[in-house]
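Coordinates as given in coords_11.pdb (PDB, C-alpha atoms):
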```pdb
ATOM      1  CA  MET A   6       7.122   5.177  -8.026
ATOM      2  CA  ALA A   7       9.605   5.128 -10.885
ATOM      3  CA  ASN A   8      10.549   6.861 -14.080
ATOM      4  CA  VAL A   9       8.056   6.770 -16.913
ATOM      5  CA  ASP A  10       8.361   7.083 -20.669
ATOM      6  CA  MET A  11       5.908   9.860 -21.516
ATOM      7  CA  ASN A  12       4.392   8.321 -24.612
ATOM      8  CA  GLN A  13       2.724  11.031 -26.684
ATOM      9  CA  ASN A  14       0.657   8.430 -28.521
ATOM     10  CA  SER A  15      -0.788   6.963 -25.365
ATOM     11  CA  GLY A  16      -3.952   9.027 -25.619
ATOM     12  CA  ARG A  17      -3.253  10.691 -22.257
ATOM     13  CA  ARG A  18      -0.808  13.284 -21.034
ATOM     14  CA  ILE A  19      -0.407  14.294 -17.430
ATOM     15  CA  SER A  20      -0.952  17.953 -16.696
ATOM     16  CA  ASP A  21       1.876  19.928 -15.131
ATOM     17  CA  THR A  22       4.449  17.496 -16.530
ATOM     18  CA  GLN A  23       7.521  19.180 -15.028
ATOM     19  CA  ASN A  24       6.139  18.917 -11.490
ATOM     20  CA  VAL A  25       5.193  15.290 -12.054
ATOM     21  CA  LEU A  26       8.660  14.412 -13.326
ATOM     22  CA  GLN A  27      10.212  16.129 -10.311
ATOM     23  CA  ILE A  28       8.005  14.123  -7.957
ATOM     24  CA  LYS A  29       9.102  10.902  -9.629
ATOM     25  CA  ARG A  30      12.799  11.837  -9.675
ATOM     26  CA  GLU A  31      12.803  12.609  -5.965
ATOM     27  CA  PHE A  32      10.955   9.424  -5.078
ATOM     28  CA  ASN A  33      13.169   7.297  -7.347
ATOM     29  CA  SER A  34      16.255   8.707  -5.676
ATOM     30  CA  PHE A  35      14.940   7.825  -2.249
ATOM     31  CA  VAL A  36      13.961   4.288  -3.235
ATOM     32  CA  SER A  37      17.396   3.730  -4.776
ATOM     33  CA  ASN A  38      19.182   4.999  -1.677
ATOM     34  CA  SER A  39      16.989   3.122   0.770
ATOM     35  CA  GLU A  40      17.168  -0.307  -0.870
ATOM     36  CA  GLY A  41      18.638  -2.781   1.548
ATOM     37  CA  GLY A  42      18.619  -0.236   4.343
ATOM     38  CA  ASP A  43      17.397  -1.004   7.840
ATOM     39  CA  ASP A  44      16.789   2.430   9.321
ATOM     40  CA  GLY A  45      13.073   3.125   9.312
ATOM     41  CA  SER A  46      13.732   6.707  10.389
ATOM     42  CA  ASN A  47      14.828   7.462   6.811
ATOM     43  CA  VAL A  48      11.454   6.354   5.476
ATOM     44  CA  ALA A  49       9.618   8.247   8.210
ATOM     45  CA  LYS A  50      11.543  11.415   7.406
ATOM     46  CA  LEU A  51      10.788  11.096   3.690
ATOM     47  CA  TYR A  52       7.058  11.029   4.304
ATOM     48  CA  ASP A  53       7.102  13.566   7.129
ATOM     49  CA  ASP A  54       8.916  15.987   4.833
ATOM     50  CA  TRP A  55       6.529  15.161   1.990
ATOM     51  CA  SER A  56       3.364  15.426   4.069
ATOM     52  CA  ASN A  57       2.387  18.990   3.112
ATOM     53  CA  THR A  58       2.121  18.177  -0.598
ATOM     54  CA  TYR A  59       1.679  14.393  -0.519
ATOM     55  CA  GLU A  60      -1.968  14.245  -1.535
ATOM     56  CA  GLN A  61      -1.582  16.865  -4.270
ATOM     57  CA  ASP A  62       1.443  15.043  -5.656
ATOM     58  CA  VAL A  63      -0.123  11.583  -5.813
ATOM     59  CA  THR A  64      -3.170  13.147  -7.447
ATOM     60  CA  LYS A  65      -0.946  14.639 -10.155
ATOM     61  CA  VAL A  66       0.437  11.214 -11.028
ATOM     62  CA  GLU A  67      -3.070   9.727 -11.004
ATOM     63  CA  TYR A  68      -2.345   7.142  -8.330
ATOM     64  CA  LYS A  69      -5.145   4.544  -8.419
ATOM     65  CA  GLY A  70      -4.131   2.251  -5.544
ATOM     66  CA  PRO A  71      -6.728   3.356  -2.975
ATOM     67  CA  GLN A  72      -9.597   3.179  -5.457
ATOM     68  CA  GLN A  73      -8.573  -0.325  -6.514
ATOM     69  CA  ALA A  74      -8.276  -1.539  -2.938
ATOM     70  CA  GLY A  75     -11.658   0.000  -2.169
ATOM     71  CA  GLU A  76     -13.163  -2.093  -4.961
ATOM     72  CA  TYR A  77     -11.658  -5.245  -3.451
ATOM     73  CA  VAL A  78     -13.008  -4.442   0.002
ATOM     74  CA  SER A  79     -16.515  -3.728  -1.271
ATOM     75  CA  LYS A  80     -16.473  -6.938  -3.339
ATOM     76  CA  TYR A  81     -15.252  -9.325  -0.651
ATOM     77  CA  ILE A  82     -16.417  -7.737   2.614
ATOM     78  CA  ALA A  83     -20.159  -7.220   2.878
ATOM     79  CA  ASP A  84     -20.166  -6.428   6.601
ATOM     80  CA  LYS A  85     -19.742  -2.668   6.997
ATOM     81  CA  ASN A  86     -18.829  -3.234  10.660
ATOM     82  CA  ALA A  87     -15.806  -5.353   9.705
ATOM     83  CA  THR A  88     -12.551  -4.422  11.404
ATOM     84  CA  ILE A  89     -10.079  -3.328   8.736
ATOM     85  CA  LEU A  90      -6.381  -2.532   9.166
ATOM     86  CA  ASP A  91      -5.053   0.022   6.689
ATOM     87  CA  LEU A  92      -1.361  -0.838   6.656
ATOM     88  CA  GLY A  93       0.746   2.091   5.481
ATOM     89  CA  ALA A  94      -2.299   4.313   5.663
ATOM     90  CA  GLY A  95      -0.429   7.549   5.057
ATOM     91  CA  SER A  96      -2.816  10.506   4.933
ATOM     92  CA  GLY A  97      -5.858   8.247   4.770
ATOM     93  CA  LEU A  98      -6.477   7.948   1.039
ATOM     94  CA  LEU A  99      -7.956   4.465   1.384
ATOM     95  CA  ALA A 100     -10.266   5.614   4.163
ATOM     96  CA  ASP A 101     -11.383   8.440   1.856
ATOM     97  CA  VAL A 102     -12.712   5.646  -0.378
ATOM     98  CA  LEU A 103     -14.015   3.256   2.292
ATOM     99  CA  HIS A 104     -15.709   5.709   4.639
ATOM    100  CA  PRO A 105     -18.301   6.902   2.094
ATOM    101  CA  LEU A 106     -19.050   3.237   1.358
ATOM    102  CA  GLY A 107     -20.090   2.766   4.984
ATOM    103  CA  TYR A 108     -16.975   1.128   6.465
ATOM    104  CA  ARG A 109     -16.381   2.739   9.849
ATOM    105  CA  ASN A 110     -14.243   0.323  11.871
ATOM    106  CA  LEU A 111     -10.915   1.344  10.349
ATOM    107  CA  THR A 112      -7.467   1.287  11.968
ATOM    108  CA  ALA A 113      -4.577   3.197  10.416
ATOM    109  CA  LEU A 114      -0.927   2.228  10.768
ATOM    110  CA  ASP A 115       1.884   4.259   9.244
ATOM    111  CA  ILE A 116       5.513   5.133   9.877
ATOM    112  CA  SER A 117       4.919   8.873   9.353
ATOM    113  CA  GLN A 118       3.302  10.736  12.231
ATOM    114  CA  LYS A 119       2.747  13.823  10.087
ATOM    115  CA  LEU A 120       0.776  11.859   7.504
ATOM    116  CA  LEU A 121      -1.221  10.219  10.285
ATOM    117  CA  ASP A 122      -2.013  13.661  11.676
ATOM    118  CA  ILE A 123      -3.593  14.516   8.319
ATOM    119  CA  ALA A 124      -5.527  11.256   8.389
ATOM    120  CA  LYS A 125      -6.695  11.896  11.951
ATOM    121  CA  ALA A 126      -8.088  15.299  11.017
ATOM    122  CA  LYS A 127     -10.403  13.642   8.492
ATOM    123  CA  GLY A 128     -12.062  11.610  11.240
ATOM    124  CA  HIS A 129     -12.331   8.362   9.259
ATOM    125  CA  TYR A 130     -10.261   6.113  11.536
ATOM    126  CA  SER A 131     -11.238   4.811  14.945
ATOM    127  CA  ARG A 132      -7.572   4.237  15.831
ATOM    128  CA  LEU A 133      -4.235   5.445  14.468
ATOM    129  CA  VAL A 134      -0.863   3.830  15.223
ATOM    130  CA  CYS A 135       2.542   5.220  14.263
ATOM    131  CA  THR A 136       5.137   2.468  13.963
ATOM    132  CA  GLU A 137       7.401   0.676  11.505
ATOM    133  CA  VAL A 138       6.360  -2.656   9.995
ATOM    134  CA  GLY A 139       8.799  -5.491   9.466
ATOM    135  CA  LYS A 140      11.341  -5.458  12.291
ATOM    136  CA  GLU A 141       8.960  -6.552  15.026
ATOM    137  CA  GLN A 142       5.413  -7.793  15.295
ATOM    138  CA  MET A 143       2.763  -5.160  14.788
ATOM    139  CA  PRO A 144       1.173  -3.988  18.067
ATOM    140  CA  PHE A 145      -2.061  -5.894  17.488
ATOM    141  CA  ARG A 146      -3.540  -9.103  18.866
ATOM    142  CA  GLU A 147      -3.747 -12.329  16.907
ATOM    143  CA  ASN A 148      -6.939 -12.539  14.829
ATOM    144  CA  GLU A 149      -7.797  -8.913  15.621
ATOM    145  CA  PHE A 150      -8.976  -7.829  12.160
ATOM    146  CA  ASP A 151     -11.409  -9.047   9.552
ATOM    147  CA  ALA A 152      -9.211  -7.649   6.790
ATOM    148  CA  LEU A 153      -5.871  -6.008   6.103
ATOM    149  CA  CYS A 154      -5.135  -3.648   3.221
ATOM    150  CA  CYS A 155      -1.615  -2.786   2.109
ATOM    151  CA  VAL A 156      -1.817  -0.213  -0.664
ATOM    152  CA  GLY A 157       1.309   1.149  -2.328
ATOM    153  CA  CYS A 158       3.680   0.154   0.481
ATOM    154  CA  LEU A 159       5.360  -2.880  -1.069
ATOM    155  CA  ILE A 160       8.256  -0.781  -2.327
ATOM    156  CA  PRO A 161      12.020  -1.383  -2.211
ATOM    157  CA  GLY A 162      13.399   0.024   1.029
ATOM    158  CA  HIS A 163       9.931   0.244   2.573
ATOM    159  CA  MET A 164       8.147  -3.082   3.089
ATOM    160  CA  ASN A 165       8.317  -6.499   1.449
ATOM    161  CA  HIS A 166       7.056 -10.068   1.616
ATOM    162  CA  THR A 167       8.939 -10.874   4.822
ATOM    163  CA  SER A 168       6.057  -9.160   6.640
ATOM    164  CA  PHE A 169       3.450 -11.605   5.313
ATOM    165  CA  PRO A 170       3.417 -13.925   8.377
ATOM    166  CA  ASP A 171       2.693 -10.988  10.664
ATOM    167  CA  TRP A 172      -0.084  -9.814   8.352
ATOM    168  CA  ILE A 173      -1.670 -13.246   8.607
ATOM    169  CA  ARG A 174      -1.209 -13.303  12.382
ATOM    170  CA  VAL A 175      -3.464 -10.278  12.930
ATOM    171  CA  VAL A 176      -6.233 -11.315  10.500
ATOM    172  CA  LYS A 177      -8.972 -13.721  11.566
ATOM    173  CA  PRO A 178      -9.352 -17.057   9.772
ATOM    174  CA  GLY A 179     -11.738 -16.432   6.920
ATOM    175  CA  GLY A 180     -10.600 -12.815   6.691
ATOM    176  CA  PHE A 181      -8.997 -11.160   3.704
ATOM    177  CA  ILE A 182      -5.679  -9.533   2.856
ATOM    178  CA  PHE A 183      -5.538  -7.081  -0.025
ATOM    179  CA  ALA A 184      -2.175  -5.952  -1.416
ATOM    180  CA  VAL A 185      -1.780  -3.423  -4.219
ATOM    181  CA  MET A 186       1.601  -2.491  -5.674
ATOM    182  CA  ARG A 187       3.486  -1.473  -8.792
ATOM    183  CA  GLU A 188       4.059  -4.648 -10.779
ATOM    184  CA  SER A 189       7.616  -3.809 -11.843
ATOM    185  CA  PHE A 190       8.764  -3.849  -8.205
ATOM    186  CA  LEU A 191       8.321  -7.632  -8.304
ATOM    187  CA  GLU A 192      11.394  -7.693 -10.557
ATOM    188  CA  GLU A 193      13.540  -5.875  -7.988
ATOM    189  CA  LYS A 194      16.164  -7.805  -6.013
ATOM    190  CA  GLU A 195      14.402  -7.117  -2.710
ATOM    191  CA  PHE A 196      11.314  -8.948  -3.977
ATOM    192  CA  ALA A 197      13.122 -11.991  -5.372
ATOM    193  CA  GLY A 198      11.429 -14.229  -2.813
ATOM    194  CA  PHE A 199       7.938 -12.761  -3.162
ATOM    195  CA  PHE A 200       6.232 -15.596  -5.018
ATOM    196  CA  GLU A 201       8.082 -18.260  -3.049
ATOM    197  CA  ALA A 202       6.791 -16.641   0.157
ATOM    198  CA  VAL A 203       3.250 -16.618  -1.230
ATOM    199  CA  LYS A 204       3.489 -20.301  -2.168
ATOM    200  CA  ASP A 205       5.062 -21.357   1.143
ATOM    201  CA  LEU A 206       2.186 -19.760   3.016
ATOM    202  CA  GLU A 207      -0.292 -21.478   0.710
ATOM    203  CA  ASP A 208       1.434 -24.825   1.188
ATOM    204  CA  SER A 209       1.330 -24.387   4.970
ATOM    205  CA  LYS A 210      -2.405 -23.594   4.777
ATOM    206  CA  ALA A 211      -1.894 -20.115   6.217
ATOM    207  CA  TRP A 212      -3.700 -18.422   3.341
ATOM    208  CA  THR A 213      -4.918 -19.023  -0.173
ATOM    209  CA  LYS A 214      -4.604 -16.681  -3.118
ATOM    210  CA  ILE A 215      -8.019 -15.697  -4.431
ATOM    211  CA  ALA A 216      -7.005 -13.321  -7.209
ATOM    212  CA  ARG A 217      -4.169 -11.557  -8.963
ATOM    213  CA  VAL A 218      -5.455  -8.592 -10.966
ATOM    214  CA  PRO A 219      -3.484  -6.270 -13.297
ATOM    215  CA  ILE A 220      -4.148  -2.555 -12.795
ATOM    216  CA  PRO A 221      -3.548  -0.512 -15.994
ATOM    217  CA  GLU A 222      -2.102   2.956 -15.386
ATOM    218  CA  TYR A 223      -1.890   2.292 -11.662
ATOM    219  CA  PHE A 224       0.610   5.103 -11.220
ATOM    220  CA  ASP A 225       0.939   7.444 -14.181
ATOM    221  CA  LEU A 226       1.402   5.001 -17.097
ATOM    222  CA  HIS A 227       2.833   2.158 -14.989
ATOM    223  CA  VAL A 228       0.967  -1.105 -14.562
ATOM    224  CA  GLY A 229       0.065  -2.159 -11.050
ATOM    225  CA  VAL A 230      -1.051  -5.456  -9.637
ATOM    226  CA  GLY A 231      -3.527  -6.342  -6.923
ATOM    227  CA  PHE A 232      -3.511  -9.512  -4.840
ATOM    228  CA  VAL A 233      -6.399 -10.917  -2.810
ATOM    229  CA  PHE A 234      -5.665 -13.546  -0.186
ATOM    230  CA  LYS A 235      -8.007 -15.364   2.197
ATOM    231  CA  VAL A 236      -6.606 -16.314   5.582
ATOM    232  CA  LEU A 237      -7.186 -19.955   6.539
TER     233      LEU A 237
END
```
Kindly return the structure encoded in the file as structure tokens.
Amino acid sequence: MANVDMNQNSGRRISDTQNVLQIKREFNSFVSNSEGGDDGSNVAKLYDDWSNTYEQDVTKVEYKGPQQAGEYVSKYIADKNATILDLGAGSGLLADVLHPLGYRNLTALDISQKLLDIAKAKGHYSRLVCTEVGKEQMPFRENEFDALCCVGCLIPGHMNHTSFPDWIRVVKPGGFIFAVMRESFLEEKEFAGFFEAVKDLEDSKAWTKIARVPIPEYFDLHVGVGFVFKVL
């Protein structure tokens, strides 16, 4: 999340503007302070502390990531019994989209136990795992999942492209990886190697990029971007 220019001629104004701006200021401050950091406990604490109002807050800023990822899943994965890893699942917003569509074999992974507790109460996941992504391999077998979704977690100080090889490791050949993020983060220093990492993995026949899709007003008035990869 980042600061936004509230354009009065945009044809849309967010309700409760002061609360929205406060949400963005607090998140911006955290992202700025966490860039380049290596202590996942800071990220976990942010989301644990935020857990009580997290869903209300992301609704206020009209966060569209889960809906967009849900469209990708329904387009590319016909099998409703497919095993899907929701990476950075948080309170289960993606599962809120996928479960009504008939997808039941969902695994949640997140760094915040309090957000996972909210997700667990909804009953949409068959398994929930609380751990950090990036320092070590995820606690899953090779080729364990038919798909992986990473929605809104490619953020400075949170997760970046260095995790891509481990994503590919846990997805079966022929499976899909869906990544949704705010496009402007690709200009941040931490993501300087993003496209090189994508290309290196294409060149090594680890995956192929199927689509790159812009997402207007992904978060408030910010543009997002969605990537679809097929594991080879």
Just how far from atom CA of A:Ala124 is atom CA of A:Ala49, in Å to one decimal?
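Taking atom CA of A:Ala49 and atom CA of A:Ala124, their separation equals 15.4 Å.
With only C-alpha atoms as the atoms that count, the minimum distance from A:Arg109 to the choices A:Leu206, A:Val236, A:Leu92, A:Ala87 is reached by A:Ala87.
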Would you list the contacts of A:Lys69 as a PDB file with C-alpha atoms, keeping the file's coordinate frame, taking every protein, DNA or RNA residue within 12 Å and counting all atoms listed in the file, but skipping same-chain residues closer than 4 positions in sequence?
```pdb
ATOM      1  CA  VAL A  63      -0.123  11.583  -5.813  1.00  0.00           C
ATOM      2  CA  THR A  64      -3.170  13.147  -7.447  1.00  0.00           C
ATOM      3  CA  LYS A  65      -0.946  14.639 -10.155  1.00  0.00           C
ATOM      4  CA  GLN A  73      -8.573  -0.325  -6.514  1.00  0.00           C
ATOM      5  CA  ALA A  74      -8.276  -1.539  -2.938  1.00  0.00           C
ATOM      6  CA  GLY A  75     -11.658   0.000  -2.169  1.00  0.00           C
ATOM      7  CA  GLU A  76     -13.163  -2.093  -4.961  1.00  0.00           C
ATOM      8  CA  LEU A  98      -6.477   7.948   1.039  1.00  0.00           C
ATOM      9  CA  LEU A  99      -7.956   4.465   1.384  1.00  0.00           C
ATOM     10  CA  VAL A 102     -12.712   5.646  -0.378  1.00  0.00           C
ATOM     11  CA  VAL A 156      -1.817  -0.213  -0.664  1.00  0.00           C
ATOM     12  CA  GLY A 157       1.309   1.149  -2.328  1.00  0.00           C
ATOM     13  CA  VAL A 185      -1.780  -3.423  -4.219  1.00  0.00           C
ATOM     14  CA  MET A 186       1.601  -2.491  -5.674  1.00  0.00           C
ATOM     15  CA  ARG A 187       3.486  -1.473  -8.792  1.00  0.00           C
ATOM     16  CA  PRO A 219      -3.484  -6.270 -13.297  1.00  0.00           C
ATOM     17  CA  ILE A 220      -4.148  -2.555 -12.795  1.00  0.00           C
ATOM     18  CA  PRO A 221      -3.548  -0.512 -15.994  1.00  0.00           C
ATOM     19  CA  GLU A 222      -2.102   2.956 -15.386  1.00  0.00           C
ATOM     20  CA  TYR A 223      -1.890   2.292 -11.662  1.00  0.00           C
ATOM     21  CA  PHE A 224       0.610   5.103 -11.220  1.00  0.00           C
ATOM     22  CA  ASP A 225       0.939   7.444 -14.181  1.00  0.00           C
ATOM     23  CA  LEU A 226       1.402   5.001 -17.097  1.00  0.00           C
ATOM     24  CA  HIS A 227       2.833   2.158 -14.989  1.00  0.00           C
ATOM     25  CA  VAL A 228       0.967  -1.105 -14.562  1.00  0.00           C
ATOM     26  CA  GLY A 229       0.065  -2.159 -11.050  1.00  0.00           C
ATOM     27  CA  VAL A 230      -1.051  -5.456  -9.637  1.00  0.00           C
ATOM     28  CA  GLY A 231      -3.527  -6.342  -6.923  1.00  0.00           C
TER      29      GLY A 231
END
```
Residues picked by the PyMOL selection byres ((chain A and resi 55-59) around 9) here, as a PyMOL selection string?
chain A and resi 50-54+60-64+95-96+117+119-120+123
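A straight line drawn from atom CA of A:Ile89 to atom CA of A:Leu121 is 16.3 Å long.
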Excluding same-chain residues fewer than 5 positions from A:Thr167, what lies within 9 Å of it counting all atoms listed in the file, as a VMD selection string?
chain A and resid 139 198 to 199 202
Separation of atom CA of A:Val78 and atom CA of A:Leu153, in Å?
9.5 Å
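If you measure from each of A:Lys80, A:Ile182, A:Val203, A:Asp101 to A:Ala126 using only C-alpha atoms, the closest one turns out to be A:Asp101.
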Convert the output of the PyMOL selection byres ((chain A and resi 133) around 8) on the shown file into explicit residues, formatted as number ranges by chain.
A: 112-114, 121, 125, 130-132, 134-135
For the structure provided, state which residues fall under the PyMOL selection byres ((chain A and resi 194-196) around 8), and present them as a list in words.
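Taken on the displayed file, the PyMOL selection byres ((chain A and resi 194-196) around 8) yields the residues Glu40, Gly41, Pro161, Asn165, His166, Phe190, Leu191, Glu192, Glu193, Ala197, Gly198 and Phe199 of chain A.
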Let's have the selection written as a short mmCIF file (atom, residue, chain, number, x, y, z; two decimals), in the frame of the given file, with C-alpha atoms.
```
data_model
loop_
_atom_site.label_atom_id
_atom_site.label_comp_id
_atom_site.auth_asym_id
_atom_site.auth_seq_id
_atom_site.Cartn_x
_atom_site.Cartn_y
_atom_site.Cartn_z
CA GLU A 40 17.17 -0.31 -0.87
CA GLY A 41 18.64 -2.78 1.55
CA PRO A 161 12.02 -1.38 -2.21
CA ASN A 165 8.32 -6.50 1.45
CA HIS A 166 7.06 -10.07 1.62
CA PHE A 190 8.76 -3.85 -8.20
CA LEU A 191 8.32 -7.63 -8.30
CA GLU A 192 11.39 -7.69 -10.56
CA GLU A 193 13.54 -5.88 -7.99
CA ALA A 197 13.12 -11.99 -5.37
CA GLY A 198 11.43 -14.23 -2.81
CA PHE A 199 7.94 -12.76 -3.16
#
```
Which residues are near A:Thr88? Cut-off 8 Å, all atoms listed in the file, ignore same chain within fewer than 6 positions. Put them as a PyMOL selection string.
chain A and resi 110-112+149-152
